[in-house]
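Trainee: Got a file for you: entry.cif, mmCIF, C-alpha atoms.
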```cif
data_my_file
#
loop_
_atom_site.label_atom_id
_atom_site.label_comp_id
_atom_site.auth_asym_id
_atom_site.auth_seq_id
_atom_site.Cartn_x
_atom_site.Cartn_y
_atom_site.Cartn_z
CA MET N 1 67.78 -97.06 66.10
CA ALA N 2 69.04 -94.97 69.03
CA PRO N 3 68.29 -91.22 68.83
CA ARG N 4 71.18 -88.96 67.87
CA SER N 5 72.13 -86.12 70.18
CA THR N 6 72.17 -82.59 68.76
CA TRP N 7 74.45 -81.11 71.44
CA LYS N 8 77.00 -82.35 73.94
CA GLY N 9 78.45 -80.46 76.87
CA PHE N 10 78.09 -79.97 80.60
CA LEU N 11 75.36 -79.02 83.02
CA ARG N 12 77.11 -76.78 85.52
CA LEU N 13 75.94 -75.70 88.99
CA SER N 14 78.63 -73.91 91.00
CA LEU N 15 81.51 -76.44 91.19
CA VAL N 16 79.35 -79.41 90.17
CA THR N 17 79.77 -80.31 86.48
CA VAL N 18 77.61 -83.00 84.87
CA PRO N 19 78.36 -84.27 81.35
CA VAL N 20 75.09 -84.26 79.36
CA LYS N 21 73.82 -84.63 75.83
CA ALA N 22 70.76 -82.94 74.36
CA PHE N 23 68.11 -84.36 72.03
CA THR N 24 65.47 -82.36 70.18
CA ALA N 25 62.06 -82.99 71.76
CA THR N 26 59.95 -82.21 68.70
CA ASN N 27 59.24 -84.76 65.99
CA SER N 28 59.91 -83.17 62.59
CA SER N 29 58.82 -86.34 60.76
CA GLU N 30 55.18 -85.41 61.46
CA GLU N 31 55.45 -82.38 59.18
CA ILE N 32 54.32 -82.46 55.56
CA ARG N 33 56.67 -80.51 53.29
CA LEU N 34 55.36 -79.07 50.04
CA ASN N 35 57.77 -78.43 47.17
CA GLN N 36 57.77 -75.36 44.95
CA LEU N 37 56.87 -76.10 41.31
CA HIS N 38 56.88 -74.12 38.10
CA LYS N 39 53.25 -73.13 37.49
CA GLU N 40 53.45 -73.82 33.73
CA CYS N 41 54.93 -77.35 33.70
CA ASN N 42 55.00 -78.53 37.35
CA SER N 43 58.78 -78.94 37.24
CA ARG N 44 60.50 -78.76 40.62
CA VAL N 45 62.08 -75.38 41.39
CA ARG N 46 65.73 -75.94 42.29
CA TYR N 47 68.05 -73.61 44.15
CA LEU N 48 71.47 -73.89 42.57
CA LYS N 49 74.69 -72.68 44.19
CA VAL N 50 76.67 -71.11 41.39
CA CYS N 51 80.18 -69.68 41.17
CA PRO N 52 80.43 -66.91 38.51
CA GLU N 53 83.72 -68.43 37.29
CA HIS N 54 83.14 -72.18 37.64
CA GLY N 55 79.37 -72.59 37.40
CA GLU N 56 77.28 -74.89 39.61
CA LEU N 57 78.99 -76.15 42.78
CA LYS N 58 78.55 -79.18 45.02
CA SER N 59 78.25 -78.85 48.80
CA GLY N 60 81.79 -80.16 49.29
CA ASP N 61 83.15 -77.33 47.12
CA ILE N 62 81.78 -74.59 49.40
CA VAL N 63 83.51 -73.04 52.43
CA SER N 64 82.53 -70.18 54.75
CA GLY N 65 84.28 -66.81 54.54
CA TYR N 66 84.16 -63.32 56.02
CA GLU N 67 84.57 -60.22 53.83
CA TYR N 68 86.93 -58.01 55.86
CA VAL N 69 87.47 -55.55 52.98
CA LYS N 70 85.77 -55.23 49.60
CA ASP N 71 86.15 -58.54 47.68
CA GLN N 72 88.72 -59.80 50.21
CA TYR N 73 87.70 -62.82 52.30
CA VAL N 74 89.20 -64.84 55.12
CA ILE N 75 88.17 -68.51 55.17
CA VAL N 76 86.69 -69.69 58.48
CA GLU N 77 86.48 -73.43 59.20
CA GLN N 78 84.07 -74.73 61.85
CA GLU N 79 86.88 -76.82 63.35
CA GLU N 80 88.84 -73.62 63.96
CA VAL N 81 85.87 -72.04 65.74
CA GLN N 82 85.48 -75.17 67.92
CA LYS N 83 89.11 -74.82 69.07
CA LEU N 84 88.36 -71.39 70.49
CA ARG N 85 85.30 -72.51 72.44
CA THR N 86 85.79 -72.30 76.19
CA GLN N 87 84.23 -74.70 78.67
CA SER N 88 81.54 -72.10 79.43
CA ASP N 89 80.54 -72.20 75.74
CA ARG N 90 80.07 -75.96 76.03
CA SER N 91 78.06 -75.83 79.24
CA ILE N 92 74.58 -75.08 80.50
CA GLY N 93 75.35 -72.66 83.30
CA ILE N 94 72.62 -72.72 85.94
CA ASP N 95 72.08 -69.24 87.38
CA GLY N 96 69.58 -70.33 90.02
CA PHE N 97 66.33 -72.14 90.84
CA ILE N 98 62.89 -70.55 90.80
CA ASP N 99 59.21 -71.43 91.05
CA PRO N 100 57.85 -72.52 87.62
CA GLU N 101 55.07 -69.92 87.88
CA ALA N 102 57.69 -67.15 87.95
CA ILE N 103 58.16 -67.63 84.19
CA ASP N 104 55.28 -66.30 82.11
CA PRO N 105 54.44 -68.84 79.35
CA VAL N 106 54.76 -66.00 76.81
CA HIS N 107 58.55 -66.42 77.13
CA LEU N 108 58.47 -70.09 76.08
CA THR N 109 59.70 -70.33 72.49
CA GLY N 110 58.66 -73.94 71.89
CA ARG N 111 62.25 -75.09 71.26
CA THR N 112 62.73 -77.89 73.76
CA TYR N 113 65.49 -80.45 74.23
CA TYR N 114 65.67 -83.53 76.44
CA LEU N 115 68.82 -83.74 78.54
CA ALA N 116 70.34 -87.09 79.51
CA PRO N 117 73.62 -87.95 81.26
CA ASP N 118 76.51 -88.50 78.88
CA GLY N 119 78.30 -91.61 80.11
CA PRO N 120 78.29 -93.55 83.42
CA ALA N 121 80.22 -90.84 85.30
CA GLY N 122 77.38 -88.35 84.87
CA LYS N 123 74.49 -90.57 85.99
CA LYS N 124 74.81 -90.08 89.77
CA PRO N 125 75.16 -86.26 89.83
CA PHE N 126 72.50 -85.99 87.11
CA ALA N 127 70.07 -88.07 89.21
CA LEU N 128 70.80 -86.01 92.34
CA LEU N 129 70.11 -82.74 90.54
CA GLN N 130 67.00 -84.06 88.77
CA LYS N 131 65.50 -85.57 91.96
CA GLY N 132 66.32 -82.48 94.02
CA MET N 133 64.51 -80.19 91.58
CA GLU N 134 61.56 -82.60 91.39
CA ASP N 135 61.19 -82.88 95.18
CA LYS N 136 61.26 -79.11 95.68
CA GLY N 137 59.04 -78.36 92.67
CA LEU N 138 61.58 -75.97 91.17
CA VAL N 139 62.99 -75.25 87.71
CA ALA N 140 66.39 -73.86 86.82
CA VAL N 141 67.18 -70.73 84.83
CA ALA N 142 70.38 -71.14 82.83
CA SER N 143 72.43 -69.87 79.91
CA ILE N 144 73.77 -71.85 76.95
CA VAL N 145 75.40 -71.12 73.60
CA LEU N 146 73.28 -72.64 70.79
CA GLY N 147 73.93 -71.99 67.13
CA GLY N 148 76.66 -69.53 68.03
CA ARG N 149 74.34 -67.38 70.15
CA GLU N 150 73.90 -67.23 73.90
CA GLN N 151 70.41 -68.34 74.84
CA MET N 152 68.42 -68.14 78.05
CA VAL N 153 66.83 -71.49 78.95
CA MET N 154 64.60 -73.10 81.54
CA VAL N 155 65.57 -76.57 82.77
CA ARG N 156 62.86 -78.67 84.44
CA PRO N 157 62.60 -82.28 85.64
CA VAL N 158 60.57 -84.62 83.41
CA LYS N 159 60.30 -88.20 84.67
CA ASN N 160 63.92 -89.31 85.18
CA LEU N 161 65.33 -86.79 82.67
CA LEU N 162 65.55 -83.02 82.33
CA ALA N 163 63.91 -80.87 79.67
CA MET N 164 65.56 -77.66 78.48
CA THR N 165 63.34 -75.02 76.84
CA VAL N 166 64.74 -71.92 75.14
CA LEU N 167 63.27 -68.69 76.53
CA ALA N 168 62.70 -65.38 74.79
CA TYR N 169 64.52 -62.46 76.39
CA ALA N 170 62.35 -59.79 77.99
CA LYS N 171 63.21 -57.27 75.25
CA LYS N 172 61.82 -59.62 72.61
CA ILE N 173 58.37 -59.71 74.24
CA LYS N 174 55.96 -56.87 73.53
CA PRO N 175 54.77 -55.15 76.73
CA ILE N 176 51.24 -56.20 77.56
CA GLY N 177 50.41 -52.58 78.32
CA GLU N 178 50.21 -51.94 74.57
CA PHE N 179 47.11 -54.16 74.44
CA THR N 180 45.35 -53.79 77.82
CA THR N 181 43.53 -50.68 76.62
CA MET N 182 41.60 -52.89 74.18
CA GLN N 183 39.51 -54.21 77.07
CA ASP N 184 37.57 -51.81 79.31
CA ASP N 185 36.41 -52.66 82.83
CA GLN N 186 33.02 -54.38 82.66
CA ASP N 187 30.22 -54.37 85.21
CA LEU N 188 29.61 -58.06 85.91
CA THR N 189 26.51 -59.10 87.83
CA ASP N 190 26.49 -61.84 90.51
CA ASP N 191 24.20 -64.00 88.36
CA GLU N 192 26.54 -63.74 85.38
CA MET N 193 29.57 -64.64 87.50
CA LYS N 194 27.76 -67.62 89.07
CA LEU N 195 26.84 -68.99 85.64
CA ALA N 196 30.39 -68.41 84.35
CA ASP N 197 31.84 -70.21 87.40
CA THR N 198 29.40 -73.09 86.89
CA LEU N 199 30.32 -73.34 83.21
CA ILE N 200 34.05 -73.40 84.03
CA ALA N 201 33.49 -76.05 86.73
CA ALA N 202 31.40 -78.21 84.38
CA SER N 203 34.07 -77.90 81.66
CA THR N 204 37.00 -78.74 83.95
CA LYS N 205 38.73 -82.01 83.02
CA ASP N 206 39.71 -84.47 85.73
CA GLU N 207 42.42 -85.83 83.46
CA PHE N 208 44.16 -84.28 80.47
CA GLU N 209 45.59 -86.44 77.70
CA PHE N 210 47.72 -84.49 75.21
CA GLY N 211 47.64 -87.37 72.74
CA GLU N 212 43.91 -86.84 72.17
CA TYR N 213 44.64 -83.60 70.32
CA LYS N 214 45.59 -83.98 66.66
CA ASP N 215 47.02 -81.55 64.12
CA ARG N 216 43.92 -81.03 61.96
CA TYR N 217 45.84 -79.04 59.37
CA VAL N 218 48.18 -81.99 58.72
CA GLU N 219 45.25 -84.43 58.62
CA ASN N 220 43.34 -82.24 56.13
CA LEU N 221 46.48 -81.78 54.03
CA GLN N 222 46.95 -85.55 53.91
CA LYS N 223 43.33 -85.95 52.75
CA VAL N 224 43.78 -83.33 50.03
CA ILE N 225 46.98 -85.01 48.80
CA GLN N 226 45.34 -88.45 48.69
CA LEU N 227 42.24 -87.13 46.90
CA LYS N 228 44.43 -85.39 44.33
CA VAL N 229 46.51 -88.55 43.82
CA ASP N 230 43.31 -90.56 43.34
CA GLY N 231 41.99 -88.00 40.88
CA GLN N 232 38.94 -87.16 43.00
CA GLU N 233 37.26 -83.80 43.37
CA ILE N 234 37.72 -81.89 46.62
CA VAL N 235 34.36 -80.87 48.04
CA GLU N 236 34.26 -77.93 50.43
CA ALA N 237 33.23 -78.92 53.96
CA LYS N 238 30.10 -77.20 55.21
CA ASP N 239 30.33 -75.27 58.45
CA HIS N 240 27.61 -75.71 61.02
CA GLU N 241 25.55 -72.55 61.29
CA GLU N 242 26.54 -70.55 64.35
CA PRO N 243 23.80 -70.35 66.97
CA LYS N 244 22.19 -66.93 67.06
CA ILE N 245 22.11 -66.27 70.80
CA LEU N 246 21.86 -62.56 71.43
CA ASN N 247 21.42 -62.63 75.20
CA LEU N 248 24.55 -63.35 77.28
CA MET N 249 22.60 -65.05 80.09
CA ASP N 250 20.85 -67.35 77.61
CA ALA N 251 24.19 -68.25 76.09
CA LEU N 252 25.68 -69.03 79.52
CA LYS N 253 22.68 -71.12 80.59
CA LYS N 254 22.68 -73.15 77.37
CA SER N 255 26.46 -73.67 77.57
CA VAL N 256 26.21 -74.82 81.21
CA ALA N 257 23.48 -77.33 80.32
CA GLU N 258 25.54 -78.76 77.43
CA ALA N 259 28.73 -78.95 79.50
CA GLN N 260 26.97 -80.67 82.41
CA ALA N 261 25.33 -83.16 80.06
CA ALA N 262 28.70 -83.96 78.46
CA GLN N 263 30.29 -84.35 81.90
CA THR N 264 27.52 -86.77 82.95
CA ASP N 265 28.01 -88.85 79.79
CA GLU N 266 31.75 -89.14 80.46
CA LYS N 267 31.11 -90.49 83.97
CA LYS N 268 28.61 -93.15 82.84
CA PRO N 269 30.08 -96.68 82.85
CA ARG N 270 30.46 -98.06 79.36
CA LYS N 271 28.55 -101.24 78.54
CA THR N 272 30.80 -104.09 77.55
CA ALA N 273 29.77 -106.56 74.87
CA PRO N 274 29.14 -110.14 76.11
CA SER N 275 32.15 -112.38 75.73
CA SER N 276 32.24 -115.04 73.03
CA LYS N 277 32.41 -117.77 75.71
CA LYS N 278 29.10 -116.75 77.30
CA THR N 279 27.46 -116.51 73.89
CA ALA N 280 28.71 -119.96 73.02
CA LYS N 281 27.29 -121.42 76.26
CA LYS N 282 23.89 -119.90 75.65
CA SER N 283 23.72 -121.18 72.10
CA SER N 284 24.80 -124.67 73.16
CA SER N 285 22.19 -124.77 75.94
CA LYS N 286 19.49 -123.90 73.42
CA LYS N 287 20.59 -126.74 71.20
CA LYS N 288 20.39 -129.19 74.12
CA SER N 289 16.93 -128.07 75.15
CA GLY N 290 15.79 -128.43 71.51
#
```
Could you express the structure from this file as C-alpha cells?
Mentor:
Amino acid sequence: MAPRSTWKGFLRLSLVTVPVKAFTATNSSEEIRLNQLHKECNSRVRYLKVCPEHGELKSGDIVSGYEYVKDQYVIVEQEEVQKLRTQSDRSIGIDGFIDPEAIDPVHLTGRTYYLAPDGPAGKKPFALLQKGMEDKGLVAVASIVLGGREQMVMVRPVKNLLAMTVLAYAKKIKPIGEFTTMQDDQDLTDDEMKLADTLIAASTKDEFEFGEYKDRYVENLQKVIQLKVDGQEIVEAKDHEEPKILNLMDALKKSVAEAQAAQTDEKKPRKTAPSSKKTAKKSSSKKKSG
C-alpha cells in the first residue's frame, strides 16, 4: 500500500516553483498506546461529546464555531478556510541556503517530513534542487504554514529526496547562559587530557548503524504486557553494582583498557562454521577408509 501524503503544495525558490507532497517520517505504529480504565472494574474510560440539549453526539454532528459575543457563534467550515489560502500558504518558501552546522541541534523539534515531487512536471526541477544542495553540502532554511501556523523549517537532501524538519524559533529556546554557571572552569592536567583523548579515540566508531539501537522502553512494555496476559509474575531486574572507583585517573585508565579491548574484538575476523558439503566429504571419506 502506497504511503499517503500529509501535505501538498509547492517548494518555492525565487521564481522556481516545484510541486511537492510531504510524508511524515516517523512511524507511529511502533508506539504502544495504553488505555485509561476505571480502577474499580477495569472498564474503559470513554470521552463523550455531549450537547446539553440533545445528549451524546456523533462526529458528523459536530462543526467548528467561533464565539464572537457571549453565546453567539459563527460557524467556520474548513473548506471556507481553504478558499482563503494564498499560494504562499501552500508553499515552502526557501529563504536561503546555509551550512548545516549553522543550525544548533537544540532547534530541531523532531518533526520531520519527507518531500517528494508531486507529478511528472515536478521531477526535473526537484532533482536539480536536490542535487545542487547535495553537491554543495548545504541545507535550506524555509517557512511553511502547518496546522494553521507558520513554521520555520530546515530542508536537506536525503538520498534522492528532501527531508523537511520543523525548527524551534529562537525565542522558544532557553538561553544557554542560564545554565553555564553550573560548571566552573577546571584545572585539567596533561595526563588527564591524554587519557581522555585516548578513551575517546578508542570509543570512536568507524561505522554507525542507527538500526542497532532499540527502544528499550517499548520492548520492556511489551514484555510486561505479555507476562500479564500469561498470568506470570513480574520479577524486578537486578542492576549491576556500580564500580566504586574514587580516583579519576584510575577510572580513565580502566575505561581506556575496556574500550581498547572491545575495539580489538570488533576487528577480529569471525570464524565461519564449516559448510555442510565439506562435512559430508569428510564423513564419506571415513566410511571408505573403514
Trainee: Please identify all polymer residues within 9 Å of N:Thr26, counting all atoms listed in the file, omitting same-chain residues fewer than 6 positions from it, and present them as a list in words.
Mentor: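 In the requested form, the answer reads Gly110, Arg111, Thr112 and Tyr113 of chain N.
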Trainee: Just the residues within 10 Å of N:Met133, please, counting only C-alpha atoms, with nothing from its chain fewer than 2 positions along; format it as a ChimeraX atom specification.
Mentor: /N:97-98,127-131,135-140,155-157,162
Trainee: My list of candidates is N:Phe10, N:Tyr169, N:Tyr47, N:Tyr68. Which is closest to N:Val106 when distances are computed with all atoms listed in the file?
Mentor: N:Tyr169
Trainee: Work out how far atom CA of N:Ser91 is from atom CA of N:Thr17, in Å to one decimal.
Mentor: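 Atom CA of N:Ser91 lies 8.7 Å from atom CA of N:Thr17.
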Trainee: When the PyMOL selection byres ((chain N and resi 109) around 7) is applied to the structure above, which residues does it catch, written out as a list in words?
Mentor: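 Taken on the displayed file, the PyMOL selection byres ((chain N and resi 109) around 7) yields the residues His107, Leu108, Gly110, Arg111, Val166, Leu167 and Ala168 of chain N.
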Trainee: For the selection you just gave me, I'd like the residues written to a file as a PDB file, in the frame of the given file, keeping C-alpha atoms.
Mentor:
```
ATOM      1  CA  HIS N 107      58.550 -66.420  77.130  1.00  0.00           C
ATOM      2  CA  LEU N 108      58.470 -70.090  76.080  1.00  0.00           C
ATOM      3  CA  GLY N 110      58.660 -73.940  71.890  1.00  0.00           C
ATOM      4  CA  ARG N 111      62.250 -75.090  71.260  1.00  0.00           C
ATOM      5  CA  VAL N 166      64.740 -71.920  75.140  1.00  0.00           C
ATOM      6  CA  LEU N 167      63.270 -68.690  76.530  1.00  0.00           C
ATOM      7  CA  ALA N 168      62.700 -65.380  74.790  1.00  0.00           C
TER       8      ALA N 168
END
```
Trainee: I'd like the box whose edges run along x, y and z of the file and which contains every listed atom of stretch 183-202 of chain N, padded by 8 Å per side; could you state its centre and edge lengths in Å, one decimal, as lines of an AutoDock Vina configuration file?
Mentor:
```
center_x = 31.9
center_y = -65.0
center_z = 83.8
size_x = 31.3
size_y = 42.4
size_z = 29.4
```
Trainee: Would you list the contacts of stretch 145-148 of chain N as a PyMOL selection string, taking every protein, DNA or RNA residue within 9 Å and counting all atoms listed in the file, but skipping same-chain residues closer than 4 positions in sequence?
Mentor: chain N and resi 7+88-92+152
Trainee: Would you mind exporting the chosen residues as an mmCIF file, in the coordinates of the input, restricted to C-alpha atoms?
Mentor:
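The file below, part_38.cif, is the result:
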```
data_model
loop_
_atom_site.group_PDB
_atom_site.id
_atom_site.type_symbol
_atom_site.label_atom_id
_atom_site.label_comp_id
_atom_site.auth_asym_id
_atom_site.auth_seq_id
_atom_site.Cartn_x
_atom_site.Cartn_y
_atom_site.Cartn_z
ATOM 1 C CA TRP N 7 74.450 -81.110 71.440
ATOM 2 C CA SER N 88 81.540 -72.100 79.430
ATOM 3 C CA ASP N 89 80.540 -72.200 75.740
ATOM 4 C CA ARG N 90 80.070 -75.960 76.030
ATOM 5 C CA SER N 91 78.060 -75.830 79.240
ATOM 6 C CA ILE N 92 74.580 -75.080 80.500
ATOM 7 C CA MET N 152 68.420 -68.140 78.050
#
```
Trainee: Out of N:Ala163, N:Glu266, N:Leu13, N:Gly132, which residue has the shortest atom-to-atom distance to N:Asp95 when counting only C-alpha atoms?
Mentor: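 Looking at the shortest contact to N:Asp95, the residue is N:Leu13.
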Trainee: Counting all atoms listed in the file, which residue out of N:Leu115, N:Ala262, N:Leu252, N:Val63 sits closest to N:Lys159?
Mentor: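 Checking each candidate against N:Lys159, we get N:Leu115 as the closest.
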Trainee: For the file shown, what are the residues hit by the PyMOL selection byres ((chain N and resi 76) around 10), laid out as a PyMOL selection string?
Mentor: chain N and resi 63-66+73-75+77-81
Trainee: Go ahead and compute the interatomic distance for atom CA of N:Gly211 and atom CA of N:Val224, in Å to one decimal.
Mentor: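 Separating atom CA of N:Gly211 from atom CA of N:Val224 is a distance of 23.4 Å.
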Trainee: Using all atoms listed in the file, can you tell me which of N:Gln263, N:Gln222, N:Gln186, N:Asn160 comes closest to N:Leu199?
Mentor: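 Checking each of N:Gln263, N:Gln222, N:Gln186, N:Asn160 against N:Leu199, counting all atoms listed in the file, the winner is N:Gln263.
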Trainee: Restricting the calculation to only C-alpha atoms, which member of N:Glu31, N:Ala142, N:Ala259, N:Cys51 is positioned closest to N:Ile94?
Mentor: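 Among the listed residues, the smallest separation from N:Ile94 belongs to N:Ala142.
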Trainee: Nearest residue to N:Ala170 out of N:Ala261, N:Ile32, N:Leu248, N:Ile103, using only C-alpha atoms?
Mentor: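 Closest to N:Ala170, using only C-alpha atoms: N:Ile103.
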Trainee: I'd like the interatomic distance between atom CA of N:Pro125 and atom CA of N:Asp99, to a tenth of an Å.
Mentor: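 Atom-to-atom, atom CA of N:Pro125 and atom CA of N:Asp99 are spaced 21.8 Å apart.
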Trainee: Go ahead and find all residues with at least one atom no further than 12 Å from (27.9, -70.1, 87.6) in the file's coordinates, using only C-alpha atoms; report them as a PyMOL selection string.
Mentor: chain N and resi 189-203+249+252-257+260
